[in-house]
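One structure is given here, and the rest of the page talks about it.
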Amino acid sequence: HTISGLKNIASINIGEHNIWGFILFLGEDGVLKNLTISGNISEKETNQIGTFAYTNYGTIENCISNCNINAAAVYIGGIAANNSGIYARIKNCINNGNISANISTDITLDITHGGIAGYNSEGIISMCVNRGNISGDQYVGGIVGWAEKGRIDSSTNTGDLSAKDGMDDQSSAGGIIGDGNMLDILNCMNSGSVKGNSAGGIAGYSWDTNELQHFTGCTNTGMVHAFASGGVDGHWA
């Protein structure tokens, strides 16, 4: 199934947030699969954007985004803005669209942009591919901008990534995750160039005082440009 010609969409206001997604909330038992969406999303006042879902608690599978996103949004994901909870799954999905975010300097929220998900908390992302170039603020990842717990497995980024300084004049960019804590990254590959204050071929910045974060079987062949840089991890704290 294909939806094409998407452009200049209107967001939904919930409390203090303006959000957008083809589905706003996909529940734990919900499944969205075998869908392609093409077009352009351009928004100046939307806080969080995900092409298929604002927040996914269920399963998004075999979906393709051909949407270019140009927005002043703090959370942007090519597939979902948020992938949250122990039942959240994004698998075998592809983002082909470019993501460009320009955030006001007075924003004090965490800012995170990812080719598949802007933010991942406890969810699993597997067999996904990002081919789009991403230019964002603070945390930029080819697969996930900011990830806490959960797992990213057998996923690939080929897009070029660039993170500009966000809150506290810090930015981190990684071929798989921009910033991460207590998660497993398994059998992932990056071949895109990565640029940020802290940048790595797999992770831009990792902080894990409990030593619960693991990278296994990951490969980077992309160029990394940063003040603090690494072929795998730009900064491990």
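Residues in the structure tokens are named by chain (A, B, ... in the order shown) and by number from 1 within that chain; ligands are numbered from 1 in the order shown.
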
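Every protein or nucleic acid residue with an atom no more than 12 Å from A:Met223, counting only C-alpha atoms and leaving out same-chain residues fewer than 2 positions away, appears here: Thr158, Gly159, Asp160, Leu161, Ser162, Gly174, Gly175, Asn190, Ser191, Gly192, Ser193, Val194, Lys195, Gly196, Ala199, Gly200, Gly201, Ile202, Asn220, Thr221, His225, Ala226, Ser229, Gly230, Gly231 and Val232 of chain A.
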
Deliver the residues from the most recent selection as a file, using N, CA and C atoms, as a tab-separated table (two decimals), in the first residue's frame.
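Below you can see selection_27.tsv, which holds the result:
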```tsv
chain	number	residue	atom	x	y	z
A	158	THR	N	23.59	4.54	5.70
A	158	THR	CA	24.46	4.97	4.60
A	158	THR	C	24.38	6.48	4.38
A	159	GLY	N	23.51	7.17	5.11
A	159	GLY	CA	23.34	8.61	4.94
A	159	GLY	C	24.43	9.40	5.65
A	160	ASP	N	24.67	10.62	5.19
A	160	ASP	CA	25.62	11.52	5.83
A	160	ASP	C	24.94	12.26	6.97
A	161	LEU	N	25.64	12.36	8.11
A	161	LEU	CA	25.04	12.88	9.33
A	161	LEU	C	25.82	14.08	9.85
A	162	SER	N	25.09	15.09	10.33
A	162	SER	CA	25.72	16.27	10.89
A	162	SER	C	24.90	16.79	12.05
A	174	GLY	N	26.28	9.92	15.59
A	174	GLY	CA	26.81	8.58	15.42
A	174	GLY	C	26.13	7.86	14.27
A	175	GLY	N	26.85	6.99	13.61
A	175	GLY	CA	26.30	6.27	12.47
A	175	GLY	C	25.06	5.46	12.83
A	190	ASN	N	27.78	1.21	9.54
A	190	ASN	CA	27.67	2.58	9.06
A	190	ASN	C	28.70	2.82	7.97
A	191	SER	N	28.26	3.47	6.87
A	191	SER	CA	29.20	3.87	5.82
A	191	SER	C	29.06	5.36	5.49
A	192	GLY	N	28.17	6.07	6.18
A	192	GLY	CA	27.99	7.50	5.94
A	192	GLY	C	28.99	8.32	6.73
A	193	SER	N	29.25	9.54	6.29
A	193	SER	CA	30.12	10.44	7.03
A	193	SER	C	29.38	10.98	8.25
A	194	VAL	N	30.13	11.25	9.33
A	194	VAL	CA	29.54	11.67	10.60
A	194	VAL	C	30.29	12.90	11.10
A	195	LYS	N	29.53	13.93	11.48
A	195	LYS	CA	30.14	15.18	11.94
A	195	LYS	C	29.39	15.71	13.17
A	196	GLY	N	30.14	16.06	14.22
A	196	GLY	CA	29.55	16.63	15.42
A	196	GLY	C	30.63	17.01	16.41
A	199	ALA	N	31.69	12.63	17.88
A	199	ALA	CA	31.16	11.82	16.77
A	199	ALA	C	31.85	10.47	16.71
A	200	GLY	N	31.08	9.46	16.32
A	200	GLY	CA	31.62	8.12	16.18
A	200	GLY	C	30.94	7.38	15.05
A	201	GLY	N	31.62	6.41	14.50
A	201	GLY	CA	31.06	5.64	13.40
A	201	GLY	C	29.83	4.85	13.82
A	202	ILE	N	29.77	4.43	15.08
A	202	ILE	CA	28.60	3.71	15.60
A	202	ILE	C	27.83	4.59	16.58
A	220	ASN	N	32.24	0.19	10.99
A	220	ASN	CA	32.16	1.53	10.43
A	220	ASN	C	33.19	1.71	9.33
A	221	THR	N	32.75	2.23	8.17
A	221	THR	CA	33.67	2.57	7.08
A	221	THR	C	33.53	4.04	6.69
A	225	HIS	N	34.26	13.23	11.64
A	225	HIS	CA	34.85	14.55	11.85
A	225	HIS	C	34.31	15.12	13.16
A	226	ALA	N	35.22	15.38	14.15
A	226	ALA	CA	34.74	15.87	15.43
A	226	ALA	C	35.90	16.35	16.29
A	229	SER	N	36.45	12.18	18.64
A	229	SER	CA	35.96	11.27	17.61
A	229	SER	C	36.52	9.87	17.80
A	230	GLY	N	35.82	8.91	17.21
A	230	GLY	CA	36.28	7.53	17.23
A	230	GLY	C	35.64	6.75	16.10
A	231	GLY	N	36.33	5.74	15.63
A	231	GLY	CA	35.78	4.91	14.57
A	231	GLY	C	34.51	4.20	14.99
A	232	VAL	N	34.43	3.87	16.29
A	232	VAL	CA	33.22	3.22	16.83
A	232	VAL	C	32.46	4.18	17.73
```

Write out as a PyMOL selection string each polymer residue whose atoms come within 7 Å of A:Cys67, counting only C-alpha atoms; drop sequence neighbours fewer than 3 positions from it.
chain A and resi 37-41+97

Using DSSP assignments from the backbone, pull out every residue in stretch 22-159 of chain A that falls under strand (DSSP E) and give it to me as number ranges by chain.
A: 22-26, 31-33, 36-43, 48-56, 59-61, 64-71, 75-77, 80-84, 89-91, 94-95, 99-101, 112-114, 117-121, 124-126, 129-130, 134-137, 139-141, 144-148, 151-153, 156-157

Provide the atom CA of A:Asn157 to atom CA of A:Ile125 distance in Å, to one decimal place.
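One can read the atom CA of A:Asn157 to atom CA of A:Ile125 distance as 13.0 Å.
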
In terms of only C-alpha atoms, the residue from A:Asn83, A:Asn70, A:Asn95, A:Asn187 at minimal distance from A:Thr36 is A:Asn95

Which residues come within 12 Å of stretch 147-151 of chain A, counting only C-alpha atoms, excluding same-chain residues fewer than 4 positions away, as number ranges by chain?
A: 81-91, 112-114, 116-127, 139-143, 155, 174, 176-188, 203-208, 210-216

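Counting only C-alpha atoms, the residue from A:Gly30, A:Phe22, A:Ile94, A:Met189 that sits nearest to A:Asn62 is A:Ile94.
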
In Å to one decimal, how far is atom CA of A:Ser42 from atom CA of A:Val224?
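Atom CA of A:Val224 sits 29.0 Å away from atom CA of A:Ser42.
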
One-decimal distance in Å that lies between atom CA of A:Val129 and atom CA of A:Ile99
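Computed distance, atom CA of A:Ile99 to atom CA of A:Val129, equals 14.4 Å.
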
For each of A:Ile64, A:Val144, A:Ala163, A:Ala53, take the minimum atom-to-atom distance to A:Ser100, counting only C-alpha atoms, then give the residue where this is smallest.
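Smallest distance to A:Ser100 is found for A:Ala163.
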
Give me, as a PyMOL selection string, all polymer residues having an atom no more than 9 Å from stretch 23-29 of chain A, counting only C-alpha atoms and skipping those fewer than 2 positions away in the same chain.
chain A and resi 12+19-21+31-32+50-60+85-88

Selected residue of minimal separation from A:Asn92 among A:Gly136, A:Ala73, A:Cys63, A:Thr219, counting only C-alpha atoms
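Among A:Gly136, A:Ala73, A:Cys63, A:Thr219, it is A:Cys63 that comes nearest to A:Asn92.
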